[in-house]
Amino acid sequence: MHLSSYLALPLLPLLASAYQPPSYAGYSLLWADTFSGSSATLPSSSNWDIINRNIGVNNELQTYRADPRQIQLSGGQTLQIVPWRDSQLQWTSGRIESRYTFTPGAGRKTLVEAEIRFGGNDISHKQGIWPAFWLLGQSIRTGTGWPACGEVDIMETVNGLLTGYGTVHCHVYPGGACNEPTGRGGAINIPNQGWQKWRIIFDRTSSDWRSEHITWYMNGQQFHQVRGDQINDAGVWASLAQKPLFFILNVAVGGDWPGYPNGNTADGYGSMMEVGYVAHYST
């Protein structure tokens, strides 16, 4: 992954409160989950498919559980995804996938974002911990394989390191338009493990798909952009920016990218990902 230059985003919230989707000038809020509800309960099954199995990808260790121990409402309008290691050294964690889908509209800008923080364990105790906020193409649910379905990673970080990554995966594996398995990515330094806003904007205001683009931001600071002409294939670009997508929130453990936990890796709330809201807007 390469590090893109940082640019300021001239998009400021008109009204904001803790863990609530802000209002943005020129944008309408179309969908959000603010994770309200009683503590130690599961998130809404109307909004989310709560994964309850080992999905067997990336050589990850965890089995996802549909259990409040691994994924719960905090009672303070947040969602907590918590990895745990049992007495046999087996890992469990949480993953949810939205039932809601959206398609970036032609002639419009589509904004999606979440407010996220990480548990307070020191970085030295997070080897193998892999939180993520991302999108997959809805076509994967109807038989299209990966990466042809399209994947847009809004935020990933590994091993507690204060670096956030944004990436697209597409086309074919290996190689292809997205250089799989690496993908086309950028990165940004994260100031601390506290609350940050992670956002992407799909800009389809151009009449030419080659000029359409997806741009990544942390706290309003641009750190990556992918354009249609870089993908250079109309059908592949459509899988990323013109077809239905759904949200995923998860904390993986181990795998090809972060490597595996070591003797210092801690489980529990200190290694969690906490989410204040997820929101979808459009002009």
# chains A, B, ... in the order shown; residues from 1 in each chain; ligands from 1

$ closest_atom_pairs --of "stretch 42-117 of chain A" --to "stretch 163-187 of chain A" --cutoff "12 Å" --atoms "only C-alpha atoms" --output "Markdown table"
| residue | atom | partner | partner_atom | distance |
| --- | --- | --- | --- | --- |
| A:Asn58 | CA | A:Pro181 | CA | 10.6 |
| A:Ile116 | CA | A:Gly164 | CA | 11.6 |
| A:Arg117 | CA | A:Gly164 | CA | 11.8 |

$ select_by_dssp --residues "stretch 10-233 of chain A" --states "strand (DSSP E or B)" --output "VMD selection string"
chain A and resid 13 to 15 23 to 24 28 to 33 41 48 to 50 63 to 64 71 to 73 79 to 81 84 to 85 91 to 93 95 to 102 109 to 118 129 to 137 151 to 156 163 to 169 175 180 184 to 189 196 to 203 213 to 218 221 to 227

$ write_last_selection --atoms "C-alpha atoms" --output "tab-separated table (two decimals), in the first residue's frame"
chain	number	residue	atom	x	y	z
A	13	PRO	CA	-20.73	19.27	10.00
A	14	LEU	CA	-23.59	21.69	10.55
A	15	LEU	CA	-24.76	19.89	13.67
A	23	SER	CA	-25.68	16.93	9.14
A	24	TYR	CA	-23.60	17.93	6.12
A	28	SER	CA	-29.33	14.12	2.84
A	29	LEU	CA	-29.05	11.33	5.41
A	30	LEU	CA	-30.59	8.22	3.81
A	31	TRP	CA	-29.79	5.51	6.37
A	32	ALA	CA	-27.99	5.15	9.69
A	33	ASP	CA	-27.62	2.90	12.69
A	41	THR	CA	-27.76	-7.08	23.76
A	48	TRP	CA	-27.63	-6.60	10.39
A	49	ASP	CA	-26.83	-10.21	9.61
A	50	ILE	CA	-24.88	-11.27	12.71
A	63	THR	CA	-14.84	-17.98	14.90
A	64	TYR	CA	-17.52	-15.31	14.79
A	71	ILE	CA	-20.71	-8.21	19.75
A	72	GLN	CA	-22.98	-6.04	21.86
A	73	LEU	CA	-24.74	-2.75	22.26
A	79	LEU	CA	-21.54	-1.04	19.31
A	80	GLN	CA	-18.65	-3.01	20.80
A	81	ILE	CA	-16.95	-5.86	18.90
A	84	TRP	CA	-11.84	-13.29	23.18
A	85	ARG	CA	-9.41	-16.18	23.67
A	91	TRP	CA	-10.31	-17.11	19.43
A	92	THR	CA	-13.85	-15.81	18.98
A	93	SER	CA	-14.97	-12.37	17.83
A	95	ARG	CA	-18.82	-9.57	12.60
A	96	ILE	CA	-21.98	-7.96	11.24
A	97	GLU	CA	-23.03	-7.39	7.63
A	98	SER	CA	-25.78	-4.91	6.79
A	99	ARG	CA	-29.05	-6.04	5.28
A	100	TYR	CA	-29.25	-2.51	3.92
A	101	THR	CA	-27.59	-1.95	0.56
A	102	PHE	CA	-26.94	1.24	-1.39
A	109	LYS	CA	-22.01	12.26	-4.52
A	110	THR	CA	-22.52	9.44	-2.03
A	111	LEU	CA	-20.95	9.74	1.44
A	112	VAL	CA	-20.63	6.89	3.93
A	113	GLU	CA	-18.92	7.13	7.29
A	114	ALA	CA	-18.60	5.73	10.77
A	115	GLU	CA	-17.19	7.02	14.05
A	116	ILE	CA	-14.83	4.44	15.53
A	117	ARG	CA	-12.41	3.98	18.40
A	118	PHE	CA	-10.23	1.13	19.57
A	129	ILE	CA	-5.81	-7.92	16.10
A	130	TRP	CA	-7.42	-6.68	12.85
A	131	PRO	CA	-10.46	-4.33	13.07
A	132	ALA	CA	-12.19	-3.16	9.90
A	133	PHE	CA	-15.03	-1.02	8.48
A	134	TRP	CA	-15.68	-1.91	4.86
A	135	LEU	CA	-18.03	-2.58	1.95
A	136	LEU	CA	-18.60	-5.57	-0.31
A	137	GLY	CA	-20.54	-5.75	-3.55
A	151	GLU	CA	-14.57	-4.52	-2.14
A	152	VAL	CA	-14.03	-1.04	-0.68
A	153	ASP	CA	-12.15	-1.00	2.63
A	154	ILE	CA	-12.92	2.29	4.38
A	155	MET	CA	-10.72	1.63	7.42
A	156	GLU	CA	-8.47	-1.24	8.47
A	163	THR	CA	-1.93	3.54	10.79
A	164	GLY	CA	-5.27	3.40	9.00
A	165	TYR	CA	-5.58	1.87	5.55
A	166	GLY	CA	-8.13	2.44	2.78
A	167	THR	CA	-8.15	0.03	-0.17
A	168	VAL	CA	-10.13	-1.29	-3.12
A	169	HIS	CA	-10.08	-4.90	-4.29
A	175	GLY	CA	-3.08	-9.35	-10.48
A	180	GLU	CA	-4.47	-8.49	-6.14
A	184	ARG	CA	-5.07	-0.31	-4.55
A	185	GLY	CA	-4.57	1.41	-1.21
A	186	GLY	CA	-3.46	4.40	0.77
A	187	ALA	CA	-2.68	5.02	4.43
A	188	ILE	CA	-2.79	7.71	7.10
A	189	ASN	CA	-1.39	8.11	10.62
A	196	GLN	CA	-12.06	9.17	14.69
A	197	LYS	CA	-14.44	9.65	11.75
A	198	TRP	CA	-13.73	7.41	8.76
A	199	ARG	CA	-15.41	8.44	5.50
A	200	ILE	CA	-15.45	7.75	1.80
A	201	ILE	CA	-17.17	9.77	-0.92
A	202	PHE	CA	-18.18	8.27	-4.24
A	203	ASP	CA	-18.22	11.13	-6.77
A	213	HIS	CA	-13.65	8.73	-8.17
A	214	ILE	CA	-13.74	7.32	-4.65
A	215	THR	CA	-11.98	9.36	-1.97
A	216	TRP	CA	-11.01	8.35	1.58
A	217	TYR	CA	-10.88	10.66	4.63
A	218	MET	CA	-10.06	10.42	8.32
A	221	GLN	CA	-8.31	14.73	5.94
A	222	GLN	CA	-7.98	13.06	2.54
A	223	PHE	CA	-5.54	10.17	2.36
A	224	HIS	CA	-6.43	8.17	-0.73
A	225	GLN	CA	-8.32	8.37	-4.03
A	226	VAL	CA	-9.05	5.91	-6.83
A	227	ARG	CA	-10.38	7.08	-10.22

$ atom_distance --atom1 "atom CA of A:Asn192" --atom2 "atom CA of A:Ala25"
28.1 Å

$ atom_distance --atom1 "atom CA of A:Gly105" --atom2 "atom CA of A:Gly145"
23.8 Å

$ select_by_dssp --residues "stretch 90-167 of chain A" --states "helix (DSSP H, G or I)" --output "list in words"
Ile123, Ser124, His125, Gln138, Ser139, Ile140, Arg141 and Thr142 of chain A

$ write_last_selection --atoms "N, CA, C and O atoms" --output "mmCIF file, in the first residue's frame"
data_model
loop_
_atom_site.group_PDB
_atom_site.id
_atom_site.type_symbol
_atom_site.label_atom_id
_atom_site.label_comp_id
_atom_site.auth_asym_id
_atom_site.auth_seq_id
_atom_site.Cartn_x
_atom_site.Cartn_y
_atom_site.Cartn_z
ATOM 1 N N ILE A 123 -0.319 -0.957 22.336
ATOM 2 C CA ILE A 123 -0.027 -1.556 21.044
ATOM 3 C C ILE A 123 0.740 -2.867 21.187
ATOM 4 O O ILE A 123 0.535 -3.822 20.427
ATOM 5 N N SER A 124 1.600 -2.958 22.203
ATOM 6 C CA SER A 124 2.407 -4.169 22.395
ATOM 7 C C SER A 124 1.558 -5.392 22.728
ATOM 8 O O SER A 124 2.054 -6.524 22.692
ATOM 9 N N HIS A 125 0.256 -5.182 23.040
ATOM 10 C CA HIS A 125 -0.640 -6.289 23.386
ATOM 11 C C HIS A 125 -1.688 -6.536 22.312
ATOM 12 O O HIS A 125 -2.720 -7.164 22.576
ATOM 13 N N GLN A 138 -22.867 -6.349 -3.343
ATOM 14 C CA GLN A 138 -24.002 -7.222 -3.069
ATOM 15 C C GLN A 138 -23.991 -8.480 -3.932
ATOM 16 O O GLN A 138 -24.517 -9.526 -3.535
ATOM 17 N N SER A 139 -23.334 -8.425 -5.082
ATOM 18 C CA SER A 139 -23.336 -9.585 -5.981
ATOM 19 C C SER A 139 -22.665 -10.806 -5.370
ATOM 20 O O SER A 139 -22.919 -11.935 -5.810
ATOM 21 N N ILE A 140 -21.825 -10.619 -4.332
ATOM 22 C CA ILE A 140 -21.207 -11.784 -3.689
ATOM 23 C C ILE A 140 -22.263 -12.654 -3.010
ATOM 24 O O ILE A 140 -22.060 -13.857 -2.817
ATOM 25 N N ARG A 141 -23.415 -12.055 -2.688
ATOM 26 C CA ARG A 141 -24.502 -12.806 -2.054
ATOM 27 C C ARG A 141 -25.313 -13.610 -3.067
ATOM 28 O O ARG A 141 -26.170 -14.420 -2.669
ATOM 29 N N THR A 142 -25.068 -13.386 -4.346
ATOM 30 C CA THR A 142 -25.820 -14.089 -5.381
ATOM 31 C C THR A 142 -24.905 -14.846 -6.331
ATOM 32 O O THR A 142 -25.275 -15.115 -7.474
#

$ closest_residue --among "A:Asn159, A:Thr283, A:Asn219, A:Asn52" --to "A:Pro261" --atoms "only C-alpha atoms"
A:Asn159

$ residues_around --residues "A:Gly120" --least-positions-apart "5" --cutoff "7 Å" --atoms "only C-alpha atoms" --output "ChimeraX atom specification"
/A:193,270-271

$ write_last_selection --atoms "N, CA, C and O atoms" --output "PDB file, in the first residue's frame"
ATOM      1  N   GLN A 193      -5.877   6.082  19.824  1.00  0.00           N
ATOM      2  CA  GLN A 193      -6.863   5.009  19.739  1.00  0.00           C
ATOM      3  C   GLN A 193      -8.293   5.491  20.020  1.00  0.00           C
ATOM      4  O   GLN A 193      -9.225   4.678  20.025  1.00  0.00           O
ATOM      5  N   GLY A 270     -10.097  -4.309  25.951  1.00  0.00           N
ATOM      6  CA  GLY A 270      -8.937  -3.511  25.588  1.00  0.00           C
ATOM      7  C   GLY A 270      -8.480  -3.714  24.163  1.00  0.00           C
ATOM      8  O   GLY A 270      -7.691  -2.924  23.637  1.00  0.00           O
ATOM      9  N   SER A 271      -8.987  -4.765  23.504  1.00  0.00           N
ATOM     10  CA  SER A 271      -8.661  -5.026  22.098  1.00  0.00           C
ATOM     11  C   SER A 271      -9.875  -4.886  21.183  1.00  0.00           C
ATOM     12  O   SER A 271      -9.828  -5.297  20.023  1.00  0.00           O
TER      13      SER A 271
END

$ atom_distance --atom1 "atom CA of A:Ser239" --atom2 "atom CA of A:Gln62"
28.5 Å
